[in-house]
Amino acid sequence: MKKIHLVAIVMIAVAIGLLTTASGDMSTYSNFSEAIESGEKVKIAGQLAKDKEMYYDPEVDPNYFSFYVEDAEGLQKKVVLNAAKPQDFELSEQIVLTGMMKGEEFMASDMLMKCPSKYKDEEIYVKSQEGSL
Amino acid sequence: MNEIQYIGEHLLPGILGNFFIKFGFVASLLAALSYFFAVKKQNQPDFESWRKIGRLSFLLHGISVFIVIGAIFYAMMNKYYEYQYVWAHVSEELPLKYILSAFWEGQEGSFLLWMFWHVILGVIILLKGKQWEAPVLAVLAIIQAFIFSMILGIYIGDFKLGSSPLLLLREIPDWMELPLFNNADYVSLIKGNGLNPLLQNYWMTIHPPTLFLGFASTSIPFCYAIAGLWTGQHKEMAKTVLSWALFSGAILGTGILMGGVWAYEALTFGGYWAWDPVENMSLVPWIVLVAGIHTNLIAKSTNYSYKTTYIFYILTFLLILYSTFLTRSGVLGESSVHAFTEMGLEWQLVSFIGFFLLLSIILYFSKQKSIPVPKDEEATPSKEFWMFIGSLVLLFSAAMITASTSLPVYNKIMDFFNPGFEGLTITEPIEHFNKYQLWIGVFIGLISGSTQFLRYKEFNWKGHSKKFINHLIISAVGALILTILCSLWIEFVAWQYWLLLFAGSFAIVSNLDYLISFAKGNLKQAASVISHVGFGIMILGVMASGLNKQHISTNPAVQAGLLEGEMLEKNVMLFKGMPMFMSGYEVTYQRDTFINKERYFNVNYKKLGKEGEITEEFNVTPSALYDNKGMKVAAYNPSTKHYLHKDIFTHIPTIPLREADVMEAQKFEDTLTYERYDLIIDKPLEIKDTLQSRLGPQLVSTKTTLIGINKNPEHPDYEPQKGDLAIGVKLAFQKEDTTFYAEPVMVIRDQLLYNYPVQMNDLSMKVRLTEEAINAVYTPEETLDYQSFILKNGDFIFLNGNRIEFKGFDKNAKHPNYQKEEEDIAIGSIFEVSNEAGQRFNATPLYLIRGRSPFNFKDEIYELGLHFRFVSIDPNTESIEVMIAQKEKTKVIPIDLSKRSFRTDYIILETIVFPGINLVWLGSIMMMLGLGIGMYIRRKQNKVMAA
């Protein structure tokens, strides 16, 4: 089955080649200071700074939503997302942003939120307080 | 601590269910063991008895699965919230039709669904499997034992084996200490969480059972593969397994496709495939299975590729297990939107995979030598060679997708060995996957087309080559024409897409050519043609809808100069009743309606011709789904206008916070400041206000006029009932040249006040009535000073200058507050009143005897402030007693007005056009249909051969 072996070898070679180029699509999670330095598109995992202002006023612009995110290093930056404010955004535990810095603001092209799961840490819903007798 | 005797718990389903989980687990182990010995003792006297025990225990395990499912259902239907699973997935409000969805929403339920299908498929093999029954069911029974172990819920020391779906809330380790469970009657205090509103649709009813049947059906080729290696009946295996593999391919594919349609129809990301890890890992086994079907075909026709067929079928099942691990272990974490929540079963899932991986490897290598391999290499221009290459390309695709999707697993492993390892992630997953899978599409398109013209076991290439080349050229030319035609319709951004489009077109044209010139309509060949043409059509559809999807909802005025590149504006704001022009359409948000907990927004699209005539018009109703308590929007559902050649997808990303959340509306209402204005009929009042605008403070003046009082008012939220005391105050607000009308309403019902304010969007004002207004209209009884009069027919009296005459009885008198009952005796007395100015008025108070007790209903002449009560009647003298009071009306009606109540009657709208989306569905359905037809034909053939 020499032919087949040849084909297999070619395929494995192509696979290695592709995976090498594919590694260019991958990156470690970045942070704001790296994003400022590089000026390139990065992926940042962070948390919503809940004490800071969250702005969404569709009457002014339905495609402008801004909020503050604290990255793993503890740096807080204003993030601008050109989309409507997602449902239950306030509840998000972790936010993964894709985008780049523009001046002092991080312009996000994509955002993924992780909300607390439906049951984790949830208290049993009790109809009245009598249960705690 | 003393044991608490809990009351109100229903322990039976739990006891029953938990018993049968353990029983079923043991029965499946026994089935595996007995069938194992049955295989060992094949053709020996013991065989029959081992098979008998195997059958019996397999059936018992099946019955156990049904009983466990039944017990959970029973607890769910009856809403026994003391069970954690019931509490987590069911609620009072959940309609019965979603009980099924609630059942498989959780991990445990979906494990049971998976087992359920294994039982069904297993019984079919038990009945029809013949010599395969024992070895196949032995393997299937082990699989069942493994899945059972996931729901066992047994603690061995600190180690948890499975998590029982019939656990009581108070048995959950972390919750045991909750003070709630010190209350013996805790059951009456809890209520369920209910099904996630996002999942309350029919997709959730049909998608999981289909997908899990797909999952379960991949076990069968796997079991056959293991059985084939085990018994050494390789050729028979390849013959028998094929129809099962085709069945599995059709069902699993349909399940995945349904997921895509669900995402497209009901979710809001605007697409059908997002390369989400969970999607990927259900696609990958399907791709490998399809590769296995192709090598299986080769093996059947030529004796080549037995080994790869084994490997592919085994791999398919192992990938299903891997996919189960990824979605259920929590390892995907932030990279997937729809992974299950963690259940702490990671190691159990890993050993599930590990066991079958080891079993397969050991078995394969120990039996490898017995697998037939033809001596000669296959001919290069033969069908089997190129089909094999095609299968390798599919495997390659599967490997690429799996590698990228497994990045979180890689991170976890690296982190284990090297704590502090910085996890890798794919920056742009969709681009990443598209970039590589595009080439797979090109290869598959070209190979699937040209290979059709080749022949199995080619021994006379010289005689065939001319025909082959001719058809290749015909197909290439046809594909080129199709490509050019499509390019008139689809816009291309990169040259690679041309290639892919050509490959797709080539698959279509060449397969059709094959059907006509080679297969000549033969149904068996037609099955493969349908699938391959479907693949080509799907490629065209994916490109048309993906590359040329376009947002209608852009408003050039807003976005001018604000943004660039990829951050295109996607949403516009649309006020109710105010048309807006976007991308050639006049779009109007017309109205919204509540049906149950879903709020539908009617949006109208119009396309106008040159003359202003309507050339295209349609309505869509995207909706907002409120949570189970009806307090807050939980999800938004899109709505799509389907055309044959395109879809127009409309979705509402958000509505104003005050509309979306009752609490927010209340909070806002509490912050509104109202000012009191006293109005007199027909006397306009000027209300002045200073507004901040871009041009600085501006003085705004609104002229407010009280037009009249309405005692039968109408208000969208008010439903009149008998006995209501209602007023509406008609108001006119004139601002500049425009007059706006409003009628706030207030109602007294059963001594409670109900307020129905009016929001005036164009004025940003809100107006409401107060109790004082109702008192000004309906004089409270306690403030009246009644005088009593005895009158006969025709008698008259003077009161404060008004002449009041008793004009006799009305036996059919009506009264707004009087509701007639049988055996009532009701009489009205007619009074005619003329005032000093000579104006005449009438009043008809009512006297009623109901059940021997006298009642009366008053009447009032509003203009004169006269109140009448007809209190008794003397039949002997034919005289009546009437009480009359007069009180001067206050002319002043107070209203409360807020001048800072901004409008909330708008929606945010996103509209996307997907051209050619139907080609995606058509193509995918054809692929599954081809697999299905293939299965059908082969089953028929096997029967004929067996007969």
# chains A, B, ... in the order shown; residues from 1 in each chain; ligands from 1

$ residues_around --residues "region 52-62 of chain A" --least-positions-apart "3" --cutoff "12 Å" --atoms "only C-alpha atoms" --output "ChimeraX atom specification"
/A:47-49,65-70,76-86,89-90 /B:553-555,557-559,562,569-575,652-657,902-910

$ closest_atom_pairs --of "chain B" --to "chain A" --cutoff "6 Å" --atoms "only C-alpha atoms" --output "JSON lines"
{"residue": "B:Pro179", "atom": "CA", "partner": "A:Ser132", "partner_atom": "CA", "distance": 5.4}
{"residue": "B:Leu180", "atom": "CA", "partner": "A:Gly131", "partner_atom": "CA", "distance": 4.9}
{"residue": "B:Leu189", "atom": "CA", "partner": "A:Lys127", "partner_atom": "CA", "distance": 5.4}
{"residue": "B:Ile190", "atom": "CA", "partner": "A:Val126", "partner_atom": "CA", "distance": 5.1}
{"residue": "B:Glu377", "atom": "CA", "partner": "A:Met1", "partner_atom": "CA", "distance": 5.3}
{"residue": "B:Gly423", "atom": "CA", "partner": "A:Thr28", "partner_atom": "CA", "distance": 5.6}
{"residue": "B:Leu424", "atom": "CA", "partner": "A:Thr28", "partner_atom": "CA", "distance": 4.3}
{"residue": "B:Thr425", "atom": "CA", "partner": "A:Met26", "partner_atom": "CA", "distance": 5.3}
{"residue": "B:Ile426", "atom": "CA", "partner": "A:Met26", "partner_atom": "CA", "distance": 4.3}
{"residue": "B:Thr427", "atom": "CA", "partner": "A:Met26", "partner_atom": "CA", "distance": 5.8}

$ write_last_selection --atoms "all heavy atoms" --output "PDB file, in the first residue's frame"
ATOM      1  N   PRO B 179     -30.912  25.790  57.455  1.00  0.00           N
ATOM      2  CA  PRO B 179     -31.943  25.852  58.492  1.00  0.00           C
ATOM      3  C   PRO B 179     -33.320  25.430  57.982  1.00  0.00           C
ATOM      4  O   PRO B 179     -34.145  24.956  58.756  1.00  0.00           O
ATOM      5  CB  PRO B 179     -31.929  27.315  58.922  1.00  0.00           C
ATOM      6  CG  PRO B 179     -31.156  28.043  57.889  1.00  0.00           C
ATOM      7  CD  PRO B 179     -30.228  27.065  57.260  1.00  0.00           C
ATOM      8  N   LEU B 180     -33.501  25.575  56.678  1.00  0.00           N
ATOM      9  CA  LEU B 180     -34.795  25.205  56.087  1.00  0.00           C
ATOM     10  C   LEU B 180     -35.184  23.779  56.469  1.00  0.00           C
ATOM     11  O   LEU B 180     -36.345  23.478  56.728  1.00  0.00           O
ATOM     12  CB  LEU B 180     -34.705  25.329  54.572  1.00  0.00           C
ATOM     13  CG  LEU B 180     -35.903  24.846  53.762  1.00  0.00           C
ATOM     14  CD1 LEU B 180     -37.081  25.777  53.950  1.00  0.00           C
ATOM     15  CD2 LEU B 180     -35.559  24.740  52.299  1.00  0.00           C
ATOM     16  N   LEU B 189     -42.759  24.926  51.676  1.00  0.00           N
ATOM     17  CA  LEU B 189     -42.139  26.244  51.560  1.00  0.00           C
ATOM     18  C   LEU B 189     -41.328  26.434  50.290  1.00  0.00           C
ATOM     19  O   LEU B 189     -40.928  27.539  49.964  1.00  0.00           O
ATOM     20  CB  LEU B 189     -41.214  26.486  52.766  1.00  0.00           C
ATOM     21  CG  LEU B 189     -41.912  26.485  54.113  1.00  0.00           C
ATOM     22  CD1 LEU B 189     -40.891  26.553  55.232  1.00  0.00           C
ATOM     23  CD2 LEU B 189     -42.892  27.636  54.214  1.00  0.00           C
ATOM     24  N   ILE B 190     -41.056  25.347  49.577  1.00  0.00           N
ATOM     25  CA  ILE B 190     -40.204  25.490  48.402  1.00  0.00           C
ATOM     26  C   ILE B 190     -41.036  25.462  47.136  1.00  0.00           C
ATOM     27  O   ILE B 190     -42.104  24.870  47.090  1.00  0.00           O
ATOM     28  CB  ILE B 190     -39.135  24.379  48.329  1.00  0.00           C
ATOM     29  CG1 ILE B 190     -39.771  23.025  48.574  1.00  0.00           C
ATOM     30  CG2 ILE B 190     -38.036  24.653  49.303  1.00  0.00           C
ATOM     31  CD1 ILE B 190     -38.815  21.871  48.494  1.00  0.00           C
ATOM     32  N   GLU B 377      -1.938  -3.769  -4.354  1.00  0.00           N
ATOM     33  CA  GLU B 377      -2.342  -2.401  -4.091  1.00  0.00           C
ATOM     34  C   GLU B 377      -3.524  -2.066  -4.989  1.00  0.00           C
ATOM     35  O   GLU B 377      -3.613  -2.569  -6.114  1.00  0.00           O
ATOM     36  CB  GLU B 377      -1.180  -1.487  -4.453  1.00  0.00           C
ATOM     37  CG  GLU B 377      -1.029  -0.323  -3.530  1.00  0.00           C
ATOM     38  CD  GLU B 377       0.161   0.507  -3.960  1.00  0.00           C
ATOM     39  OE1 GLU B 377       1.200  -0.066  -4.343  1.00  0.00           O
ATOM     40  OE2 GLU B 377       0.015   1.724  -3.925  1.00  0.00           O
ATOM     41  N   GLY B 423      -3.092  29.968  29.514  1.00  0.00           N
ATOM     42  CA  GLY B 423      -3.954  29.262  28.575  1.00  0.00           C
ATOM     43  C   GLY B 423      -4.010  29.927  27.207  1.00  0.00           C
ATOM     44  O   GLY B 423      -3.993  31.147  27.097  1.00  0.00           O
ATOM     45  N   LEU B 424      -4.061  29.098  26.174  1.00  0.00           N
ATOM     46  CA  LEU B 424      -4.172  29.618  24.816  1.00  0.00           C
ATOM     47  C   LEU B 424      -5.637  29.701  24.407  1.00  0.00           C
ATOM     48  O   LEU B 424      -6.486  28.981  24.917  1.00  0.00           O
ATOM     49  CB  LEU B 424      -3.449  28.691  23.839  1.00  0.00           C
ATOM     50  CG  LEU B 424      -1.924  28.704  23.898  1.00  0.00           C
ATOM     51  CD1 LEU B 424      -1.373  27.590  23.028  1.00  0.00           C
ATOM     52  CD2 LEU B 424      -1.388  30.046  23.437  1.00  0.00           C
ATOM     53  N   THR B 425      -5.905  30.560  23.474  1.00  0.00           N
ATOM     54  CA  THR B 425      -7.262  30.686  22.975  1.00  0.00           C
ATOM     55  C   THR B 425      -7.210  31.117  21.516  1.00  0.00           C
ATOM     56  O   THR B 425      -6.224  31.701  21.069  1.00  0.00           O
ATOM     57  CB  THR B 425      -8.061  31.708  23.816  1.00  0.00           C
ATOM     58  OG1 THR B 425      -9.305  31.902  23.205  1.00  0.00           O
ATOM     59  CG2 THR B 425      -7.338  33.030  23.916  1.00  0.00           C
ATOM     60  N   ILE B 426      -8.246  30.780  20.789  1.00  0.00           N
ATOM     61  CA  ILE B 426      -8.294  31.183  19.381  1.00  0.00           C
ATOM     62  C   ILE B 426      -8.906  32.581  19.321  1.00  0.00           C
ATOM     63  O   ILE B 426     -10.009  32.797  19.817  1.00  0.00           O
ATOM     64  CB  ILE B 426      -9.134  30.195  18.557  1.00  0.00           C
ATOM     65  CG1 ILE B 426      -8.512  28.806  18.656  1.00  0.00           C
ATOM     66  CG2 ILE B 426      -9.217  30.638  17.108  1.00  0.00           C
ATOM     67  CD1 ILE B 426      -9.394  27.709  18.128  1.00  0.00           C
ATOM     68  N   THR B 427      -8.172  33.492  18.709  1.00  0.00           N
ATOM     69  CA  THR B 427      -8.632  34.881  18.743  1.00  0.00           C
ATOM     70  C   THR B 427      -9.946  35.061  17.988  1.00  0.00           C
ATOM     71  O   THR B 427     -10.869  35.676  18.483  1.00  0.00           O
ATOM     72  CB  THR B 427      -7.546  35.815  18.155  1.00  0.00           C
ATOM     73  OG1 THR B 427      -6.273  35.329  18.577  1.00  0.00           O
ATOM     74  CG2 THR B 427      -7.727  37.229  18.631  1.00  0.00           C
TER      75      THR B 427
END

$ closest_residue --among "A:Ala72, A:Leu6, A:Ala13, A:Ile36" --to "Met100 (chain A)" --atoms "only C-alpha atoms"
A:Ile36

$ atom_distance --atom1 "CA of Ser788 (chain B)" --atom2 "CA of Val833 (chain B)"
16.7 Å

$ atom_distance --atom1 "CA of Lys646 (chain B)" --atom2 "CA of Phe535 (chain B)"
19.3 Å

$ select_by_dssp --residues "chain A" --states "alpha helix (DSSP H)" --output "VMD selection string"
chain A and resid 2 to 22 32 to 38

$ write_last_selection --atoms "N, CA and C atoms" --output "short mmCIF file (atom, residue, chain, number, x, y, z; two decimals), in the first residue's frame"
data_model
loop_
_atom_site.label_atom_id
_atom_site.label_comp_id
_atom_site.auth_asym_id
_atom_site.auth_seq_id
_atom_site.Cartn_x
_atom_site.Cartn_y
_atom_site.Cartn_z
N LYS A 2 1.82 1.22 -0.87
CA LYS A 2 2.79 2.31 -0.86
C LYS A 2 2.15 3.65 -1.20
N LYS A 3 1.23 3.57 -2.15
CA LYS A 3 0.58 4.81 -2.59
C LYS A 3 -0.15 5.47 -1.43
N ILE A 4 -0.89 4.62 -0.75
CA ILE A 4 -1.66 5.12 0.38
C ILE A 4 -0.73 5.72 1.44
N HIS A 5 0.38 5.02 1.65
CA HIS A 5 1.34 5.54 2.62
C HIS A 5 1.85 6.90 2.20
N LEU A 6 2.10 7.01 0.93
CA LEU A 6 2.58 8.28 0.39
C LEU A 6 1.56 9.37 0.67
N VAL A 7 0.31 9.02 0.35
CA VAL A 7 -0.77 10.00 0.57
C VAL A 7 -0.83 10.37 2.06
N ALA A 8 -0.73 9.34 2.90
CA ALA A 8 -0.82 9.59 4.33
C ALA A 8 0.31 10.51 4.78
N ILE A 9 1.50 10.26 4.26
CA ILE A 9 2.65 11.10 4.65
C ILE A 9 2.42 12.54 4.21
N VAL A 10 1.92 12.68 2.96
CA VAL A 10 1.65 14.04 2.47
C VAL A 10 0.63 14.72 3.38
N MET A 11 -0.40 13.97 3.73
CA MET A 11 -1.45 14.57 4.56
C MET A 11 -0.91 14.98 5.93
N ILE A 12 -0.10 14.09 6.51
CA ILE A 12 0.45 14.43 7.82
C ILE A 12 1.33 15.67 7.72
N ALA A 13 2.09 15.72 6.62
CA ALA A 13 2.93 16.90 6.43
C ALA A 13 2.09 18.16 6.32
N VAL A 14 1.03 18.05 5.52
CA VAL A 14 0.13 19.21 5.36
C VAL A 14 -0.48 19.58 6.72
N ALA A 15 -0.87 18.54 7.48
CA ALA A 15 -1.47 18.80 8.78
C ALA A 15 -0.52 19.56 9.68
N ILE A 16 0.73 19.10 9.70
CA ILE A 16 1.71 19.79 10.55
C ILE A 16 1.87 21.23 10.08
N GLY A 17 1.95 21.36 8.75
CA GLY A 17 2.08 22.70 8.20
C GLY A 17 0.92 23.59 8.61
N LEU A 18 -0.27 23.05 8.46
CA LEU A 18 -1.47 23.85 8.78
C LEU A 18 -1.52 24.19 10.27
N LEU A 19 -1.21 23.19 11.08
CA LEU A 19 -1.27 23.45 12.53
C LEU A 19 -0.24 24.51 12.93
N THR A 20 0.89 24.51 12.22
CA THR A 20 1.88 25.55 12.51
C THR A 20 1.32 26.92 12.17
N THR A 21 0.69 27.01 10.98
CA THR A 21 0.12 28.32 10.64
C THR A 21 -1.06 28.62 11.55
N ALA A 22 -1.78 27.56 11.95
CA ALA A 22 -2.95 27.80 12.80
C ALA A 22 -2.54 28.36 14.15
N PHE A 32 -4.73 44.61 29.32
CA PHE A 32 -4.84 45.96 28.75
C PHE A 32 -3.46 46.57 28.48
N SER A 33 -2.51 46.34 29.40
CA SER A 33 -1.21 47.00 29.17
C SER A 33 -0.53 46.45 27.92
N GLU A 34 -0.69 45.14 27.68
CA GLU A 34 -0.14 44.59 26.45
C GLU A 34 -0.86 45.14 25.22
N ALA A 35 -2.16 45.30 25.38
CA ALA A 35 -2.95 45.82 24.26
C ALA A 35 -2.52 47.25 23.93
N ILE A 36 -2.22 48.03 24.95
CA ILE A 36 -1.77 49.40 24.72
C ILE A 36 -0.42 49.38 24.01
N GLU A 37 0.47 48.51 24.49
CA GLU A 37 1.81 48.43 23.92
C GLU A 37 1.79 48.01 22.46
N SER A 38 1.07 46.90 22.19
CA SER A 38 1.11 46.32 20.85
C SER A 38 0.21 47.06 19.87
#

$ residues_around --residues "Lys524 (chain B)" --least-positions-apart "2" --cutoff "10 Å" --atoms "only C-alpha atoms" --output "ChimeraX atom specification"
/B:519,521-522,526-529,930,933-938

$ write_last_selection --atoms "C-alpha atoms" --output "PDB file, in the first residue's frame"
ATOM      1  CA  ALA B 519     -26.493   5.014 -12.939  1.00  0.00           C
ATOM      2  CA  GLY B 521     -31.777   6.208 -12.491  1.00  0.00           C
ATOM      3  CA  ASN B 522     -30.725   3.212 -10.371  1.00  0.00           C
ATOM      4  CA  ALA B 526     -29.278   7.644  -6.630  1.00  0.00           C
ATOM      5  CA  ALA B 527     -28.869   7.609  -2.848  1.00  0.00           C
ATOM      6  CA  SER B 528     -25.220   8.568  -3.142  1.00  0.00           C
ATOM      7  CA  VAL B 529     -26.019  11.113  -5.840  1.00  0.00           C
ATOM      8  CA  GLY B 930     -29.395  10.153   0.696  1.00  0.00           C
ATOM      9  CA  ILE B 933     -32.461   6.025   1.274  1.00  0.00           C
ATOM     10  CA  GLY B 934     -29.155   4.164   1.267  1.00  0.00           C
ATOM     11  CA  MET B 935     -30.092   2.505   4.521  1.00  0.00           C
ATOM     12  CA  TYR B 936     -33.539   1.594   3.262  1.00  0.00           C
ATOM     13  CA  ILE B 937     -32.221  -0.011   0.092  1.00  0.00           C
ATOM     14  CA  ARG B 938     -29.557  -1.982   1.909  1.00  0.00           C
TER      15      ARG B 938
END

$ closest_atom_pairs --of "region 736-803 of chain B" --to "region 834-843 of chain B" --cutoff "7 Å" --atoms "only C-alpha atoms" --output "JSON lines"
{"residue": "B:Gly801", "atom": "CA", "partner": "B:Glu836", "partner_atom": "CA", "distance": 6.2}
{"residue": "B:Asn802", "atom": "CA", "partner": "B:Asn835", "partner_atom": "CA", "distance": 4.5}
{"residue": "B:Arg803", "atom": "CA", "partner": "B:Ser834", "partner_atom": "CA", "distance": 5.3}

$ select_by_dssp --residues "region 661-820 of chain B" --states "strand (DSSP E or B)" --output "ChimeraX atom specification"
/B:661,675-681,683,685-693,696-710,725-735,738-742,745-749,752-756,758-760,765-769,787-792,796-799,802-810

$ residues_around --residues "region 57-60 of chain B" --least-positions-apart "5" --cutoff "8 Å" --atoms "only C-alpha atoms" --output "MDAnalysis selection string"
chainID B and resid 24 27:28 30:31 123 141

$ write_last_selection --atoms "all heavy atoms" --output "mmCIF file, in the first residue's frame"
data_model
loop_
_atom_site.group_PDB
_atom_site.id
_atom_site.type_symbol
_atom_site.label_atom_id
_atom_site.label_comp_id
_atom_site.auth_asym_id
_atom_site.auth_seq_id
_atom_site.Cartn_x
_atom_site.Cartn_y
_atom_site.Cartn_z
ATOM 1 N N GLY B 24 -30.857 -1.748 37.570
ATOM 2 C CA GLY B 24 -30.551 -1.675 36.140
ATOM 3 C C GLY B 24 -29.058 -1.754 35.897
ATOM 4 O O GLY B 24 -28.595 -2.389 34.942
ATOM 5 N N ALA B 27 -28.133 -5.277 36.397
ATOM 6 C CA ALA B 27 -28.680 -6.077 35.297
ATOM 7 C C ALA B 27 -27.866 -5.885 34.030
ATOM 8 O O ALA B 27 -27.623 -6.849 33.282
ATOM 9 C CB ALA B 27 -30.139 -5.708 35.066
ATOM 10 N N SER B 28 -27.412 -4.655 33.768
ATOM 11 C CA SER B 28 -26.647 -4.445 32.542
ATOM 12 C C SER B 28 -25.284 -5.137 32.645
ATOM 13 O O SER B 28 -24.779 -5.671 31.659
ATOM 14 C CB SER B 28 -26.504 -2.959 32.215
ATOM 15 O OG SER B 28 -26.079 -2.232 33.332
ATOM 16 N N LEU B 30 -24.756 -7.837 34.346
ATOM 17 C CA LEU B 30 -25.060 -9.258 34.194
ATOM 18 C C LEU B 30 -25.292 -9.600 32.724
ATOM 19 O O LEU B 30 -24.824 -10.638 32.226
ATOM 20 C CB LEU B 30 -26.298 -9.619 35.025
ATOM 21 C CG LEU B 30 -26.661 -11.095 35.065
ATOM 22 C CD1 LEU B 30 -25.547 -11.901 35.710
ATOM 23 C CD2 LEU B 30 -27.977 -11.301 35.815
ATOM 24 N N ALA B 31 -26.008 -8.701 32.025
ATOM 25 C CA ALA B 31 -26.262 -8.920 30.604
ATOM 26 C C ALA B 31 -24.947 -9.002 29.850
ATOM 27 O O ALA B 31 -24.752 -9.883 29.003
ATOM 28 C CB ALA B 31 -27.136 -7.793 30.052
ATOM 29 N N VAL B 123 -32.985 -3.718 21.823
ATOM 30 C CA VAL B 123 -34.077 -4.690 21.681
ATOM 31 C C VAL B 123 -34.250 -5.089 20.214
ATOM 32 O O VAL B 123 -34.496 -6.259 19.906
ATOM 33 C CB VAL B 123 -35.386 -4.133 22.286
ATOM 34 C CG1 VAL B 123 -36.567 -5.009 21.896
ATOM 35 C CG2 VAL B 123 -35.258 -4.049 23.798
ATOM 36 N N ALA B 141 -24.276 -3.549 26.495
ATOM 37 C CA ALA B 141 -24.612 -3.621 27.911
ATOM 38 C C ALA B 141 -23.523 -2.976 28.769
ATOM 39 O O ALA B 141 -23.812 -2.340 29.783
ATOM 40 C CB ALA B 141 -24.830 -5.071 28.325
#

$ atom_distance --atom1 "CA of Thr302 (chain B)" --atom2 "CA of Val373 (chain B)"
10.1 Å

$ residues_around --residues "region 207-220 of chain B" --least-positions-apart "6" --cutoff "9 Å" --atoms "only C-alpha atoms" --output "ChimeraX atom specification"
/B:101,104-105,110-111,113-118,121-122,136,140,143,241,244-245,247-256,258-259,262,282,285-286,289,313-314,316-317,320

$ residues_around --residues "region 233-235 of chain B" --least-positions-apart "5" --cutoff "9 Å" --atoms "only C-alpha atoms" --output "number ranges by chain"
B: 225, 227-228, 240, 299-300, 303, 306, 370-372

$ residues_around --residues "Phe809 (chain B)" --least-positions-apart "6" --cutoff "6 Å" --atoms "only C-alpha atoms" --output "NGL selection string"
:B and (828-830)

$ write_last_selection --atoms "all heavy atoms" --output "compact mmCIF listing (two decimals), in the first residue's frame"
# COMPACT_ATOMS: atom_id res chain seq x y z
N GLY B 828 -88.10 51.34 39.58
CA GLY B 828 -87.49 52.66 39.52
C GLY B 828 -88.54 53.73 39.71
O GLY B 828 -89.71 53.53 39.35
N SER B 829 -88.17 54.82 40.33
CA SER B 829 -89.11 55.94 40.43
C SER B 829 -88.56 57.08 39.59
O SER B 829 -87.36 57.39 39.65
CB SER B 829 -89.28 56.36 41.88
OG SER B 829 -88.02 56.61 42.47
N ILE B 830 -89.45 57.65 38.78
CA ILE B 830 -88.98 58.65 37.82
C ILE B 830 -89.19 60.05 38.40
O ILE B 830 -90.28 60.39 38.88
CB ILE B 830 -89.74 58.53 36.49
CG1 ILE B 830 -89.60 57.07 35.97
CG2 ILE B 830 -89.25 59.52 35.47
CD1 ILE B 830 -90.64 56.73 34.92

$ closest_residue --among "B:Ile709, B:Ala274, B:Ala479, B:Met150" --to "Gly260 (chain B)" --atoms "only C-alpha atoms"
B:Ala274
